[in-house]
Each structure stands twice: as structure tokens, then as C-alpha cells.
>>> print(open('protein19.pdb').read())   # PDB, C-alpha atoms, pLDDT in the B column
ATOM      1  CA  HIS A 270      34.386  41.234   7.014  1.00 48.00           C
ATOM      2  CA  VAL A 271      35.261  39.054   4.037  1.00 45.00           C
ATOM      3  CA  VAL A 272      35.766  40.548   0.585  1.00 44.00           C
ATOM      4  CA  LYS A 273      36.478  38.951  -2.786  1.00 45.00           C
ATOM      5  CA  ARG A 274      39.703  40.353  -4.196  1.00 47.00           C
ATOM      6  CA  PHE A 275      41.601  39.198  -7.286  1.00 46.00           C
ATOM      7  CA  GLY A 276      39.548  36.016  -7.565  1.00 47.00           C
ATOM      8  CA  SER A 277      39.934  34.919  -3.945  1.00 49.00           C
ATOM      9  CA  TYR A 278      38.414  35.832  -0.625  1.00 47.00           C
ATOM     10  CA  SER A 279      40.389  37.646   2.032  1.00 46.00           C
ATOM     11  CA  ARG A 280      39.637  38.998   5.458  1.00 49.00           C
ATOM     12  CA  VAL A 281      39.403  42.780   5.700  1.00 48.00           C
ATOM     13  CA  PRO A 282      40.187  44.367   9.068  1.00 50.00           C
ATOM     14  CA  SER A 283      37.415  46.160  10.843  1.00 53.00           C
ATOM     15  CA  ASP A 284      37.280  48.561  13.756  1.00 50.00           C
ATOM     16  CA  ASP A 285      36.207  45.620  15.926  1.00 52.00           C
ATOM     17  CA  ASP A 286      39.559  43.888  15.217  1.00 48.00           C
ATOM     18  CA  ALA A 287      41.513  46.838  16.540  1.00 46.00           C
ATOM     19  CA  GLU A 288      39.353  46.949  19.652  1.00 49.00           C
ATOM     20  CA  GLU A 289      39.721  43.193  20.289  1.00 53.00           C
ATOM     21  CA  THR A 290      43.501  43.002  19.896  1.00 52.00           C
ATOM     22  CA  GLY A 291      44.435  46.495  20.991  1.00 52.00           C
ATOM     23  CA  HIS A 292      46.564  46.917  17.855  1.00 51.00           C
ATOM     24  CA  PRO A 293      45.651  48.950  14.772  1.00 51.00           C
ATOM     25  CA  THR A 294      45.572  46.748  11.672  1.00 51.00           C
ATOM     26  CA  VAL A 295      46.297  47.212   7.975  1.00 49.00           C
ATOM     27  CA  ASP A 296      44.991  45.154   5.042  1.00 50.00           C
ATOM     28  CA  LEU A 297      47.752  44.435   2.531  1.00 49.00           C
ATOM     29  CA  LEU A 298      45.707  42.382   0.048  1.00 51.00           C
ATOM     30  CA  ALA A 299      46.802  39.202   1.790  1.00 50.00           C
ATOM     31  CA  GLY A 300      44.949  39.625   5.037  1.00 53.00           C
ATOM     32  CA  THR A 301      45.253  41.603   8.209  1.00 53.00           C
ATOM     33  CA  HIS A 302      48.623  42.754   9.546  1.00 54.00           C
ATOM     34  CA  ARG A 303      49.559  44.856  12.530  1.00 60.00           C
ATOM     35  CA  VAL A 304      50.794  48.343  11.640  1.00 55.00           C
ATOM     36  CA  GLU A 305      53.939  47.821  13.733  1.00 62.00           C
ATOM     37  CA  ASP A 306      54.832  44.677  11.768  1.00 61.00           C
ATOM     38  CA  VAL A 307      54.349  46.411   8.423  1.00 56.00           C
ATOM     39  CA  LEU A 308      56.487  49.384   9.459  1.00 58.00           C
ATOM     40  CA  HIS A 309      59.190  47.101  10.857  1.00 61.00           C
ATOM     41  CA  ASP A 310      59.305  45.078   7.634  1.00 68.00           C
ATOM     42  CA  SER A 311      59.589  48.199   5.447  1.00 73.00           C
ATOM     43  CA  ARG A 312      62.385  49.622   7.638  1.00 75.00           C
ATOM     44  CA  ALA A 313      64.239  46.305   7.486  1.00 76.00           C
ATOM     45  CA  PHE A 314      63.823  46.245   3.699  1.00 75.00           C
ATOM     46  CA  ARG A 315      65.226  49.781   3.385  1.00 80.00           C
ATOM     47  CA  LYS A 316      68.188  48.850   5.605  1.00 83.00           C
ATOM     48  CA  ARG A 317      68.922  45.784   3.482  1.00 82.00           C
ATOM     49  CA  CYS A 318      68.731  47.824   0.271  1.00 83.00           C
ATOM     50  CA  TRP A 319      71.007  50.504   1.732  1.00 84.00           C
ATOM     51  CA  ALA A 320      73.531  47.870   2.831  1.00 86.00           C
ATOM     52  CA  ARG A 321      73.484  46.338  -0.654  1.00 85.00           C
ATOM     53  CA  TYR A 322      73.943  49.796  -2.194  1.00 86.00           C
ATOM     54  CA  LEU A 323      76.963  50.504   0.023  1.00 86.00           C
ATOM     55  CA  LYS A 324      78.520  47.203  -1.057  1.00 88.00           C
ATOM     56  CA  GLY A 325      78.172  48.286  -4.684  1.00 86.00           C
ATOM     57  CA  GLU A 326      75.542  45.805  -5.822  1.00 87.00           C
ATOM     58  CA  PHE A 327      73.644  48.530  -7.720  1.00 86.00           C
ATOM     59  CA  THR A 328      76.712  50.125  -9.299  1.00 90.00           C
ATOM     60  CA  VAL A 329      76.904  50.221 -13.082  1.00 89.00           C
ATOM     61  CA  GLN A 330      79.818  48.382 -14.688  1.00 89.00           C
ATOM     62  CA  PRO A 331      80.955  50.424 -17.699  1.00 88.00           C
ATOM     63  CA  GLU A 332      82.701  47.733 -19.733  1.00 87.00           C
ATOM     64  CA  GLY A 333      80.519  46.754 -22.686  1.00 86.00           C
ATOM     65  CA  ASN A 334      77.482  48.571 -21.334  1.00 88.00           C
ATOM     66  CA  ARG A 335      75.499  49.774 -24.355  1.00 91.00           C
ATOM     67  CA  TYR A 336      73.062  51.757 -22.201  1.00 93.00           C
ATOM     68  CA  LEU A 337      75.915  53.759 -20.740  1.00 93.00           C
ATOM     69  CA  LEU A 338      77.222  54.453 -24.241  1.00 92.00           C
ATOM     70  CA  SER A 339      73.752  55.625 -25.304  1.00 94.00           C
ATOM     71  CA  TRP A 340      73.543  57.851 -22.225  1.00 95.00           C
ATOM     72  CA  ASP A 341      76.934  59.374 -23.079  1.00 94.00           C
ATOM     73  CA  LEU A 342      75.581  60.190 -26.540  1.00 96.00           C
ATOM     74  CA  VAL A 343      72.557  61.940 -24.963  1.00 96.00           C
ATOM     75  CA  VAL A 344      74.896  63.982 -22.731  1.00 96.00           C
ATOM     76  CA  ILE A 345      77.112  64.956 -25.677  1.00 96.00           C
ATOM     77  CA  ILE A 346      74.072  66.083 -27.676  1.00 96.00           C
ATOM     78  CA  SER A 347      72.908  68.099 -24.660  1.00 95.00           C
ATOM     79  CA  LEU A 348      76.332  69.724 -24.339  1.00 95.00           C
ATOM     80  CA  VAL A 349      76.385  70.708 -28.015  1.00 96.00           C
ATOM     81  CA  THR A 350      72.836  72.011 -27.775  1.00 94.00           C
ATOM     82  CA  THR A 351      73.760  74.069 -24.723  1.00 93.00           C
ATOM     83  CA  ALA A 352      76.780  75.503 -26.533  1.00 94.00           C
ATOM     84  CA  ILE A 353      74.508  76.647 -29.365  1.00 93.00           C
ATOM     85  CA  VAL A 354      71.332  77.614 -27.494  1.00 91.00           C
ATOM     86  CA  MET A 355      72.808  79.693 -24.664  1.00 90.00           C
ATOM     87  CA  PRO A 356      74.549  82.287 -26.863  1.00 92.00           C
ATOM     88  CA  VAL A 357      71.509  82.495 -29.173  1.00 90.00           C
ATOM     89  CA  GLU A 358      69.206  82.992 -26.195  1.00 89.00           C
ATOM     90  CA  ALA A 359      71.434  85.707 -24.728  1.00 89.00           C
ATOM     91  CA  ALA A 360      71.825  87.531 -28.056  1.00 92.00           C
ATOM     92  CA  PHE A 361      68.348  87.425 -29.571  1.00 90.00           C
ATOM     93  CA  PHE A 362      65.733  87.059 -26.832  1.00 88.00           C
ATOM     94  CA  THR A 363      64.786  89.559 -24.159  1.00 89.00           C
ATOM     95  CA  GLU A 364      62.272  87.078 -22.782  1.00 91.00           C
ATOM     96  CA  THR A 365      62.841  83.340 -23.129  1.00 88.00           C
ATOM     97  CA  PRO A 366      60.168  81.612 -25.266  1.00 91.00           C
ATOM     98  CA  LEU A 367      58.369  78.677 -23.685  1.00 93.00           C
ATOM     99  CA  TRP A 368      59.839  76.094 -26.074  1.00 91.00           C
ATOM    100  CA  LEU A 369      63.364  77.301 -25.322  1.00 91.00           C
ATOM    101  CA  TRP A 370      62.685  77.309 -21.591  1.00 91.00           C
ATOM    102  CA  ARG A 371      61.450  73.705 -21.829  1.00 94.00           C
ATOM    103  CA  LEU A 372      64.513  72.699 -23.844  1.00 93.00           C
ATOM    104  CA  CYS A 373      66.818  74.230 -21.222  1.00 91.00           C
ATOM    105  CA  LEU A 374      64.867  72.509 -18.459  1.00 94.00           C
ATOM    106  CA  PHE A 375      65.222  69.171 -20.252  1.00 95.00           C
ATOM    107  CA  MET A 376      68.978  69.669 -20.579  1.00 94.00           C
ATOM    108  CA  ASP A 377      69.224  70.588 -16.881  1.00 94.00           C
ATOM    109  CA  VAL A 378      67.463  67.335 -16.012  1.00 96.00           C
ATOM    110  CA  VAL A 379      69.859  65.402 -18.263  1.00 96.00           C
ATOM    111  CA  PHE A 380      72.879  67.012 -16.564  1.00 95.00           C
ATOM    112  CA  PHE A 381      71.446  66.319 -13.100  1.00 96.00           C
ATOM    113  CA  TRP A 382      70.925  62.617 -13.853  1.00 95.00           C
ATOM    114  CA  ASP A 383      74.357  62.454 -15.475  1.00 94.00           C
ATOM    115  CA  THR A 384      75.867  63.656 -12.207  1.00 92.00           C
ATOM    116  CA  VAL A 385      73.921  61.021 -10.260  1.00 92.00           C
ATOM    117  CA  LEU A 386      74.958  58.338 -12.744  1.00 92.00           C
ATOM    118  CA  THR A 387      78.609  59.405 -12.646  1.00 89.00           C
ATOM    119  CA  PHE A 388      78.716  58.719  -8.924  1.00 90.00           C
ATOM    120  CA  ASN A 389      77.298  55.238  -9.527  1.00 91.00           C
ATOM    121  CA  VAL A 390      79.563  53.980 -12.315  1.00 91.00           C
ATOM    122  CA  ALA A 391      82.402  51.653 -11.294  1.00 91.00           C
ATOM    123  CA  PHE A 392      85.968  52.550 -12.251  1.00 89.00           C
ATOM    124  CA  MET A 393      88.920  50.313 -13.097  1.00 87.00           C
ATOM    125  CA  VAL A 394      91.575  49.660 -10.461  1.00 86.00           C
ATOM    126  CA  PRO A 395      94.853  47.990 -11.450  1.00 81.00           C
ATOM    127  CA  THR A 396      95.903  45.103  -9.202  1.00 79.00           C
ATOM    128  CA  ALA A 397      99.342  43.712  -8.365  1.00 78.00           C
ATOM    129  CA  GLN A 398      98.605  40.507 -10.301  1.00 79.00           C
ATOM    130  CA  GLY A 399      98.148  42.492 -13.515  1.00 73.00           C
ATOM    131  CA  ASN A 400      94.453  41.786 -13.996  1.00 75.00           C
ATOM    132  CA  ASP A 401      92.285  44.836 -13.512  1.00 77.00           C
ATOM    133  CA  SER A 402      89.190  44.906 -11.366  1.00 85.00           C
ATOM    134  CA  TYR A 403      86.410  47.437 -10.849  1.00 87.00           C
ATOM    135  CA  GLU A 404      85.792  49.470  -7.731  1.00 88.00           C
ATOM    136  CA  ARG A 405      82.043  49.260  -7.165  1.00 90.00           C
ATOM    137  CA  ARG A 406      81.580  50.802  -3.698  1.00 90.00           C
ATOM    138  CA  PRO A 407      79.866  54.192  -4.015  1.00 90.00           C
ATOM    139  CA  ALA A 408      81.921  55.855  -1.263  1.00 90.00           C
ATOM    140  CA  TYR A 409      85.175  55.095  -3.100  1.00 90.00           C
ATOM    141  CA  ILE A 410      83.693  56.143  -6.443  1.00 90.00           C
ATOM    142  CA  ALA A 411      82.575  59.458  -4.967  1.00 89.00           C
ATOM    143  CA  ARG A 412      85.976  60.036  -3.342  1.00 89.00           C
ATOM    144  CA  ARG A 413      87.714  59.419  -6.666  1.00 88.00           C
ATOM    145  CA  TYR A 414      85.463  61.734  -8.683  1.00 85.00           C
ATOM    146  CA  VAL A 415      85.634  64.509  -6.109  1.00 85.00           C
ATOM    147  CA  SER A 416      89.432  64.311  -5.728  1.00 84.00           C
ATOM    148  CA  VAL A 417      90.341  64.101  -9.432  1.00 73.00           C
ATOM    149  CA  PRO A 418      89.352  67.162 -11.489  1.00 71.00           C
ATOM    150  CA  PHE A 419      87.736  66.612 -14.907  1.00 60.00           C
ATOM    151  CA  SER A 420      87.493  62.827 -14.558  1.00 49.00           C
TER     152      SER A 420
END
>>> encode(input="protein19.pdb", output="C-alpha cells")
Amino acid sequence: HVVKRFGSYSRVPSDDDAEETGHPTVDLLAGTHRVEDVLHDSRAFRKRCWARYLKGEFTVQPEGNRYLLSWDLVVIISLVTTAIVMPVEAAFFTETPLWLWRLCLFMDVVFFWDTVLTFNVAFMVPTAQGNDSYERRPAYIARRYVSVPFS
């Protein structure tokens, strides 16, 4: 079967193809591929991404990062809001109104993502030469944040 897709023609796998080759096939917009090849490629891609993550290639460098500063502002506003909303909720409401429940849910989501972000932000390590460098490997970042209270 041939089908026009995105301005060009491509071959679409049919049941006859699977019977002829003995392999199930998948159409990935560029033609026919064996399912085993597609799965192997996606596993290899995930392994490469995981290896890059462990090296620290996706770690956020804090120095001069305006997005991280903006995120810190969002977290501070959430902390202040929590300090005000929680006592008011406990004192004046027997049942939490929907708007307040949604606000608390939003703040919980902010705090969750702040925790995830904290474990992916590089920290400064002094070196013997006097010039500081950043530790970017997630395992070392996690070890530091877990071992040092209130960091």
C-alpha cells in the first residue's frame, strides 16, 4: 500500500508484509520498520540519555541563571502563602473551600518540583588551584543535599 503523507508518498505496511518476512512491522512516517528495530533504537536512546544524565549534562548551573532566580521567587511566594493560608484554613473553615483546596494543591506541586529541581542544580566545589568549579553529577548533588541539613 502506498499513501500520500506530508506531501510525499510512503509505503504503509500491510498484513501481507508481516506474512512475507515473518516479522511484524511498524510505519513510522518514513516507511516500514521491524518492531524489534524500533524497540531496540528506543532502548538505546533511553540508555544514552540516562548516561548523559549521570554525567551531569542536564544539570542546571546556578551562576547567573535568571530562570532559577525566578523559580526561587515562586517558591518564596508559595512559602509565604502557606504561612498565611494554613492557619486561616485551620481557624475559620470546617470544610475547605474548592478555591483554597486548589491553591494548596498548586503550592504542593510547586514544592514537589522544587525538590526535584534542588537535586538537579550544580553546587560549587573549591579546588586546590583556587578557582572554583561546579559539581554537576546528580549522585554527588543528591549525596550533598541529603547529608547537609537545611542546605
>>> residues_around(input="protein19.pdb", residues="Leu337 (chain A)", least_positions_apart="3", cutoff="12 Å", atoms="all atoms listed in the file", output="CSV table (one decimal) with C-alpha atoms, in the frame of the given file")
chain,number,residue,atom,x,y,z
A,329,VAL,CA,76.9,50.2,-13.1
A,330,GLN,CA,79.8,48.4,-14.7
A,331,PRO,CA,81.0,50.4,-17.7
A,332,GLU,CA,82.7,47.7,-19.7
A,333,GLY,CA,80.5,46.8,-22.7
A,334,ASN,CA,77.5,48.6,-21.3
A,340,TRP,CA,73.5,57.9,-22.2
A,341,ASP,CA,76.9,59.4,-23.1
A,342,LEU,CA,75.6,60.2,-26.5
A,343,VAL,CA,72.6,61.9,-25.0
A,344,VAL,CA,74.9,64.0,-22.7
A,383,ASP,CA,74.4,62.5,-15.5
A,386,LEU,CA,75.0,58.3,-12.7
A,387,THR,CA,78.6,59.4,-12.6
A,389,ASN,CA,77.3,55.2,-9.5
A,390,VAL,CA,79.6,54.0,-12.3
A,391,ALA,CA,82.4,51.7,-11.3
>>> closest_residue(input="protein19.pdb", among="A:Gly399, A:Thr384, A:Val394, A:Thr363", to="Tyr414 (chain A)", atoms="all atoms listed in the file")
A:Thr384
>>> closest_residue(input="protein19.pdb", among="A:Ile410, A:Val415, A:Leu374, A:Leu369", to="Phe392 (chain A)", atoms="only C-alpha atoms")
A:Ile410
>>> atom_distance(input="protein19.pdb", atom1="CA of Arg321 (chain A)", atom2="CA of Asp377 (chain A)")
29.5 Å
>>> atom_distance(input="protein19.pdb", atom1="CA of Ser416 (chain A)", atom2="CA of Leu323 (chain A)")
19.5 Å
>>> atom_distance(input="protein19.pdb", atom1="CA of Val349 (chain A)", atom2="CA of Pro366 (chain A)")
19.7 Å
>>> build_atoms(input="protein19.pdb", residues="region 325-336 of chain A", atoms="all heavy atoms", output="PDB file, in the frame of the given file")
ATOM      1  N   GLY A 325      77.966  48.084  -3.264  1.00 86.00           N
ATOM      2  CA  GLY A 325      78.172  48.286  -4.684  1.00 86.00           C
ATOM      3  C   GLY A 325      77.373  47.357  -5.567  1.00 86.00           C
ATOM      4  O   GLY A 325      77.675  47.210  -6.754  1.00 86.00           O
ATOM      5  N   GLU A 326      76.329  46.738  -5.026  1.00 87.00           N
ATOM      6  CA  GLU A 326      75.542  45.805  -5.822  1.00 87.00           C
ATOM      7  C   GLU A 326      74.704  46.499  -6.895  1.00 87.00           C
ATOM      8  O   GLU A 326      74.292  45.861  -7.859  1.00 87.00           O
ATOM      9  CB  GLU A 326      74.635  44.978  -4.916  1.00 87.00           C
ATOM     10  CG  GLU A 326      75.396  44.006  -4.048  1.00 87.00           C
ATOM     11  CD  GLU A 326      74.489  43.108  -3.244  1.00 87.00           C
ATOM     12  OE1 GLU A 326      73.363  42.823  -3.696  1.00 87.00           O
ATOM     13  OE2 GLU A 326      74.911  42.690  -2.160  1.00 87.00           O
ATOM     14  N   PHE A 327      74.453  47.803  -6.750  1.00 86.00           N
ATOM     15  CA  PHE A 327      73.644  48.530  -7.720  1.00 86.00           C
ATOM     16  C   PHE A 327      74.500  49.411  -8.631  1.00 86.00           C
ATOM     17  O   PHE A 327      73.977  50.177  -9.418  1.00 86.00           O
ATOM     18  CB  PHE A 327      72.592  49.386  -7.011  1.00 86.00           C
ATOM     19  CG  PHE A 327      71.670  48.596  -6.138  1.00 86.00           C
ATOM     20  CD1 PHE A 327      71.609  48.826  -4.789  1.00 86.00           C
ATOM     21  CD2 PHE A 327      70.869  47.603  -6.671  1.00 86.00           C
ATOM     22  CE1 PHE A 327      70.756  48.101  -3.968  1.00 86.00           C
ATOM     23  CE2 PHE A 327      70.019  46.870  -5.867  1.00 86.00           C
ATOM     24  CZ  PHE A 327      69.958  47.120  -4.521  1.00 86.00           C
ATOM     25  N   THR A 328      75.802  49.302  -8.518  1.00 90.00           N
ATOM     26  CA  THR A 328      76.712  50.125  -9.299  1.00 90.00           C
ATOM     27  C   THR A 328      76.764  49.620 -10.737  1.00 90.00           C
ATOM     28  O   THR A 328      76.745  48.425 -10.995  1.00 90.00           O
ATOM     29  CB  THR A 328      78.121  50.089  -8.675  1.00 90.00           C
ATOM     30  OG1 THR A 328      78.029  50.497  -7.320  1.00 90.00           O
ATOM     31  CG2 THR A 328      79.060  51.014  -9.398  1.00 90.00           C
ATOM     32  N   VAL A 329      76.868  50.548 -11.662  1.00 89.00           N
ATOM     33  CA  VAL A 329      76.904  50.221 -13.082  1.00 89.00           C
ATOM     34  C   VAL A 329      78.330  49.876 -13.489  1.00 89.00           C
ATOM     35  O   VAL A 329      79.270  50.617 -13.190  1.00 89.00           O
ATOM     36  CB  VAL A 329      76.402  51.421 -13.924  1.00 89.00           C
ATOM     37  CG1 VAL A 329      76.482  51.118 -15.404  1.00 89.00           C
ATOM     38  CG2 VAL A 329      75.000  51.799 -13.510  1.00 89.00           C
ATOM     39  N   GLN A 330      78.506  48.759 -14.159  1.00 89.00           N
ATOM     40  CA  GLN A 330      79.818  48.382 -14.688  1.00 89.00           C
ATOM     41  C   GLN A 330      79.922  48.916 -16.119  1.00 89.00           C
ATOM     42  O   GLN A 330      79.108  48.560 -16.971  1.00 89.00           O
ATOM     43  CB  GLN A 330      80.003  46.880 -14.664  1.00 89.00           C
ATOM     44  CG  GLN A 330      81.362  46.479 -15.148  1.00 89.00           C
ATOM     45  CD  GLN A 330      81.900  45.301 -14.393  1.00 89.00           C
ATOM     46  OE1 GLN A 330      81.357  44.904 -13.386  1.00 89.00           O
ATOM     47  NE2 GLN A 330      82.971  44.742 -14.892  1.00 89.00           N
ATOM     48  N   PRO A 331      80.921  49.750 -16.404  1.00 88.00           N
ATOM     49  CA  PRO A 331      80.955  50.424 -17.699  1.00 88.00           C
ATOM     50  C   PRO A 331      81.395  49.562 -18.880  1.00 88.00           C
ATOM     51  O   PRO A 331      81.022  49.842 -20.015  1.00 88.00           O
ATOM     52  CB  PRO A 331      81.963  51.552 -17.468  1.00 88.00           C
ATOM     53  CG  PRO A 331      82.841  51.073 -16.378  1.00 88.00           C
ATOM     54  CD  PRO A 331      81.978  50.210 -15.510  1.00 88.00           C
ATOM     55  N   GLU A 332      82.144  48.515 -18.635  1.00 87.00           N
ATOM     56  CA  GLU A 332      82.701  47.733 -19.733  1.00 87.00           C
ATOM     57  C   GLU A 332      81.614  47.026 -20.534  1.00 87.00           C
ATOM     58  O   GLU A 332      80.865  46.207 -20.018  1.00 87.00           O
ATOM     59  CB  GLU A 332      83.685  46.709 -19.183  1.00 87.00           C
ATOM     60  CG  GLU A 332      84.459  45.991 -20.260  1.00 87.00           C
ATOM     61  CD  GLU A 332      85.513  45.081 -19.671  1.00 87.00           C
ATOM     62  OE1 GLU A 332      86.058  45.405 -18.601  1.00 87.00           O
ATOM     63  OE2 GLU A 332      85.769  44.048 -20.285  1.00 87.00           O
ATOM     64  N   GLY A 333      81.489  47.389 -21.803  1.00 86.00           N
ATOM     65  CA  GLY A 333      80.519  46.754 -22.686  1.00 86.00           C
ATOM     66  C   GLY A 333      79.073  47.114 -22.399  1.00 86.00           C
ATOM     67  O   GLY A 333      78.168  46.421 -22.839  1.00 86.00           O
ATOM     68  N   ASN A 334      78.841  48.180 -21.698  1.00 88.00           N
ATOM     69  CA  ASN A 334      77.482  48.571 -21.334  1.00 88.00           C
ATOM     70  C   ASN A 334      76.919  49.495 -22.418  1.00 88.00           C
ATOM     71  O   ASN A 334      77.280  50.662 -22.496  1.00 88.00           O
ATOM     72  CB  ASN A 334      77.479  49.266 -19.976  1.00 88.00           C
ATOM     73  CG  ASN A 334      76.097  49.467 -19.425  1.00 88.00           C
ATOM     74  OD1 ASN A 334      75.150  49.669 -20.160  1.00 88.00           O
ATOM     75  ND2 ASN A 334      75.995  49.421 -18.111  1.00 88.00           N
ATOM     76  N   ARG A 335      76.028  48.982 -23.240  1.00 91.00           N
ATOM     77  CA  ARG A 335      75.499  49.774 -24.355  1.00 91.00           C
ATOM     78  C   ARG A 335      74.569  50.886 -23.878  1.00 91.00           C
ATOM     79  O   ARG A 335      74.428  51.910 -24.538  1.00 91.00           O
ATOM     80  CB  ARG A 335      74.812  48.901 -25.386  1.00 91.00           C
ATOM     81  CG  ARG A 335      73.618  48.166 -24.878  1.00 91.00           C
ATOM     82  CD  ARG A 335      73.076  47.215 -25.928  1.00 91.00           C
ATOM     83  NE  ARG A 335      72.010  46.435 -25.332  1.00 91.00           N
ATOM     84  CZ  ARG A 335      70.820  46.307 -25.862  1.00 91.00           C
ATOM     85  NH1 ARG A 335      70.546  46.882 -27.005  1.00 91.00           N
ATOM     86  NH2 ARG A 335      69.914  45.584 -25.270  1.00 91.00           N
ATOM     87  N   TYR A 336      73.927  50.703 -22.737  1.00 93.00           N
ATOM     88  CA  TYR A 336      73.062  51.757 -22.201  1.00 93.00           C
ATOM     89  C   TYR A 336      73.885  52.958 -21.743  1.00 93.00           C
ATOM     90  O   TYR A 336      73.488  54.104 -21.943  1.00 93.00           O
ATOM     91  CB  TYR A 336      72.217  51.229 -21.044  1.00 93.00           C
ATOM     92  CG  TYR A 336      71.298  50.112 -21.455  1.00 93.00           C
ATOM     93  CD1 TYR A 336      71.493  48.823 -21.007  1.00 93.00           C
ATOM     94  CD2 TYR A 336      70.239  50.359 -22.323  1.00 93.00           C
ATOM     95  CE1 TYR A 336      70.662  47.793 -21.399  1.00 93.00           C
ATOM     96  CE2 TYR A 336      69.396  49.333 -22.725  1.00 93.00           C
ATOM     97  CZ  TYR A 336      69.607  48.060 -22.261  1.00 93.00           C
ATOM     98  OH  TYR A 336      68.777  47.043 -22.658  1.00 93.00           O
TER      99      TYR A 336
END
